[in-house]
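Input: a single structure, listed below in structure tokens.
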Amino acid sequence: MQILYKNSLAKTIDAVEEFLFFGRAIPAKEKIKVCDWIADRQGMQHSYARMFAPTDYDFEYGVRVFTGEKVTSGAAIGHIMGEEACRVLRLLKSPSQNVKDALRRANLGMNRRLMGSGRFQKSAIFCCGICTASLWRNIAAGGLGPNRKYLKKSLKTFRKYRDGKGRWRVFPFYYTLLSLLEIGSKDAWIELQYAGRVIERLVTRQGSGKYGKRRKVMMESILEKI
């Protein structure tokens, strides 16, 4: 399976996350190439908060998050792909100083953006649901240092978005489930339990495509633990 797509940050991240999600080892040489390529995109034109820039292809055709939900707005593409790239680099644990420095600068840039966001400081929810879920994934992987303290507050605020039917307003359902599963805190599991009946209903309705397979595995994992 191809991992590095030099025309698309989104495709590259998706390929890496496919390996990580299913516990498959990435060949060492490919890991080096991927990490170096992503690191070189730090702070490039169109990067969000000095994180890692999507490519022209990503902006032209839009992207999907790991669970399949579409991201089409330019700002959201820049932000979400930046968060996802930070997460991937942390999980791949490259020993390269260049990669470490790029990740440090990206982390600093996003931390500054969060500290300057009045809404985030007040509610710990960042701009919109899908962007907040991507932020959670980065934090769950060990990113954003001082702003990790806001995660508990963010989940408390998030509870107010419940629609009373096992889902949440504004937040994309599957991507949010994945983020909560990765956070794994008591507050996150409370929300996953809230969604339990919907998950039970949907887990058997997933298609055979890559997003359906991912969603099914994710929901089965959640149901085993709640």
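Ordering of the structure tokens sets the chain letters (A, B, ...), residue numbers begin anew at 1 in every chain, and ligands are numbered from 1 in the order given.
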
(request) Do a neighbour search on Asp58 (chain A) at 10 Å with only C-alpha atoms, toss out local chain neighbours closer than 6 positions, and write the hits as a count of residues only. (result) 12

- Among region 168-201 of chain A, which ones does DSSP place in alpha helix (DSSP H), written as a PyMOL selection string? chain A and resi 173-183+186-194+196-201

Would you mind exporting the chosen residues as a PDB file, in the first residue's frame, restricted to C-alpha atoms?
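Output file out_8.pdb follows:
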ATOM      1  CA  PHE A 173     -20.839  11.579  14.752  1.00  0.00           C
ATOM      2  CA  TYR A 174     -18.178   9.047  13.714  1.00  0.00           C
ATOM      3  CA  TYR A 175     -15.181  11.376  13.912  1.00  0.00           C
ATOM      4  CA  THR A 176     -16.343  12.492  17.355  1.00  0.00           C
ATOM      5  CA  LEU A 177     -16.654   8.880  18.511  1.00  0.00           C
ATOM      6  CA  LEU A 178     -13.090   8.229  17.338  1.00  0.00           C
ATOM      7  CA  SER A 179     -11.791  11.289  19.176  1.00  0.00           C
ATOM      8  CA  LEU A 180     -13.575  10.322  22.396  1.00  0.00           C
ATOM      9  CA  LEU A 181     -12.256   6.764  22.163  1.00  0.00           C
ATOM     10  CA  GLU A 182      -8.707   8.073  21.830  1.00  0.00           C
ATOM     11  CA  ILE A 183      -9.112  10.473  24.763  1.00  0.00           C
ATOM     12  CA  LYS A 186     -13.916   9.177  32.412  1.00  0.00           C
ATOM     13  CA  ASP A 187     -15.723  12.144  30.845  1.00  0.00           C
ATOM     14  CA  ALA A 188     -15.101  10.753  27.347  1.00  0.00           C
ATOM     15  CA  TRP A 189     -16.544   7.368  28.306  1.00  0.00           C
ATOM     16  CA  ILE A 190     -19.633   9.029  29.758  1.00  0.00           C
ATOM     17  CA  GLU A 191     -20.277  10.505  26.311  1.00  0.00           C
ATOM     18  CA  LEU A 192     -19.597   7.196  24.570  1.00  0.00           C
ATOM     19  CA  GLN A 193     -22.073   5.484  26.887  1.00  0.00           C
ATOM     20  CA  TYR A 194     -24.607   8.187  26.042  1.00  0.00           C
ATOM     21  CA  GLY A 196     -24.271   3.510  23.062  1.00  0.00           C
ATOM     22  CA  ARG A 197     -27.705   2.681  21.638  1.00  0.00           C
ATOM     23  CA  VAL A 198     -27.011   4.567  18.421  1.00  0.00           C
ATOM     24  CA  ILE A 199     -23.681   2.765  18.094  1.00  0.00           C
ATOM     25  CA  GLU A 200     -25.394  -0.616  18.593  1.00  0.00           C
ATOM     26  CA  ARG A 201     -27.845   0.226  15.834  1.00  0.00           C
TER      27      ARG A 201
END

Who sits within 12 Å of region 54-57 of chain A, only C-alpha atoms, same chain under 5 positions skipped, as a ChimeraX atom specification = /A:5-13,37-48,62-63,74-85

*Neighbours of Phe19 (chain A) within 12 Å (only C-alpha atoms; same-chain residues fewer than 2 positions away dropped), as a PyMOL selection string?*
chain A and resi 1-3+12-17+21-27+30-31+66+88+91-92+214

Using the selection just defined, write its residues with C-alpha atoms as a PDB file, in the first residue's frame.
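And here is the file that came out, part_21.pdb:
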ATOM      1  CA  MET A   1       0.000   0.000   0.000  1.00  0.00           C
ATOM      2  CA  GLN A   2       1.316   3.433  -0.924  1.00  0.00           C
ATOM      3  CA  ILE A   3       1.929   5.700   2.079  1.00  0.00           C
ATOM      4  CA  THR A  12      -0.540  10.739   3.197  1.00  0.00           C
ATOM      5  CA  ILE A  13      -2.044  11.211   6.645  1.00  0.00           C
ATOM      6  CA  ASP A  14      -4.915   8.869   5.811  1.00  0.00           C
ATOM      7  CA  ALA A  15      -2.503   6.156   4.668  1.00  0.00           C
ATOM      8  CA  VAL A  16      -0.391   6.465   7.820  1.00  0.00           C
ATOM      9  CA  GLU A  17      -3.458   6.393  10.055  1.00  0.00           C
ATOM     10  CA  PHE A  21      -5.343   2.103  13.356  1.00  0.00           C
ATOM     11  CA  PHE A  22      -5.067  -1.533  12.317  1.00  0.00           C
ATOM     12  CA  GLY A  23      -1.763  -2.079  14.115  1.00  0.00           C
ATOM     13  CA  ARG A  24       0.303  -2.664  11.004  1.00  0.00           C
ATOM     14  CA  ALA A  25       4.003  -1.796  10.966  1.00  0.00           C
ATOM     15  CA  ILE A  26       5.186   0.902   8.580  1.00  0.00           C
ATOM     16  CA  PRO A  27       8.500   0.015   6.874  1.00  0.00           C
ATOM     17  CA  GLU A  30       8.831   4.737   4.394  1.00  0.00           C
ATOM     18  CA  LYS A  31       8.441   6.138   7.886  1.00  0.00           C
ATOM     19  CA  PHE A  66     -10.341   9.187   8.932  1.00  0.00           C
ATOM     20  CA  VAL A  88       0.851  11.503  13.080  1.00  0.00           C
ATOM     21  CA  LEU A  91       2.847   8.698  16.930  1.00  0.00           C
ATOM     22  CA  LEU A  92       5.576   7.876  14.403  1.00  0.00           C
ATOM     23  CA  ARG A 214     -12.968   1.667  10.017  1.00  0.00           C
TER      24      ARG A 214
END

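Distance-wise, CA of Asn111 (chain A) and CA of Arg50 (chain A) end up 10.3 Å apart.
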
From the list A:Cys35, A:Arg162, A:Gly184, A:Ser117, the nearest residue to Lys100 (chain A) using only C-alpha atoms is A:Cys35

Of A:Arg104, A:Ile125, A:Arg169, A:Cys131, the one sitting nearest Lys152 (chain A) when using only C-alpha atoms is A:Ile125

Q. What are the DSSP strand (DSSP E) residues of region 27-116 of chain A, as a ChimeraX atom specification?
A. /A:63-64,70-71

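By only C-alpha atoms, and with residues fewer than 6 positions from Gly145 (chain A) along its chain excluded, the set lying at most 10 Å from it is A:Asn107, A:Leu108, A:Asn111, A:Ile139.
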
Written file, previous selection with C-alpha atoms, as an mmCIF file, in the first residue's frame:
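Saved result, out-v5.cif, follows:
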data_model
loop_
_atom_site.group_PDB
_atom_site.id
_atom_site.type_symbol
_atom_site.label_atom_id
_atom_site.label_comp_id
_atom_site.auth_asym_id
_atom_site.auth_seq_id
_atom_site.Cartn_x
_atom_site.Cartn_y
_atom_site.Cartn_z
ATOM 1 C CA ASN A 107 2.891 23.113 18.485
ATOM 2 C CA LEU A 108 3.918 26.639 19.453
ATOM 3 C CA ASN A 111 -0.850 27.021 21.227
ATOM 4 C CA ILE A 139 -4.145 16.504 22.511
#

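Closest approach to Asn138 (chain A) among A:Ser221, A:Leu4, A:Leu103, A:Arg112 is made by A:Leu103 (distances from only C-alpha atoms).
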
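In terms of minimum interatomic distance to Ile32 (chain A), A:Lys93 ranks closest within A:Arg113, A:Lys210, A:Lys122, A:Lys93, counting only C-alpha atoms.
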
inquiry  = Env of Ser123 (chain A): 7 Å cut, atoms = only C-alpha atoms, seq-sep filter 3 positions within chain, self excluded. Answer as a list in words.
reply    = Arg119, Phe120, Ser154 and Thr157 of chain A
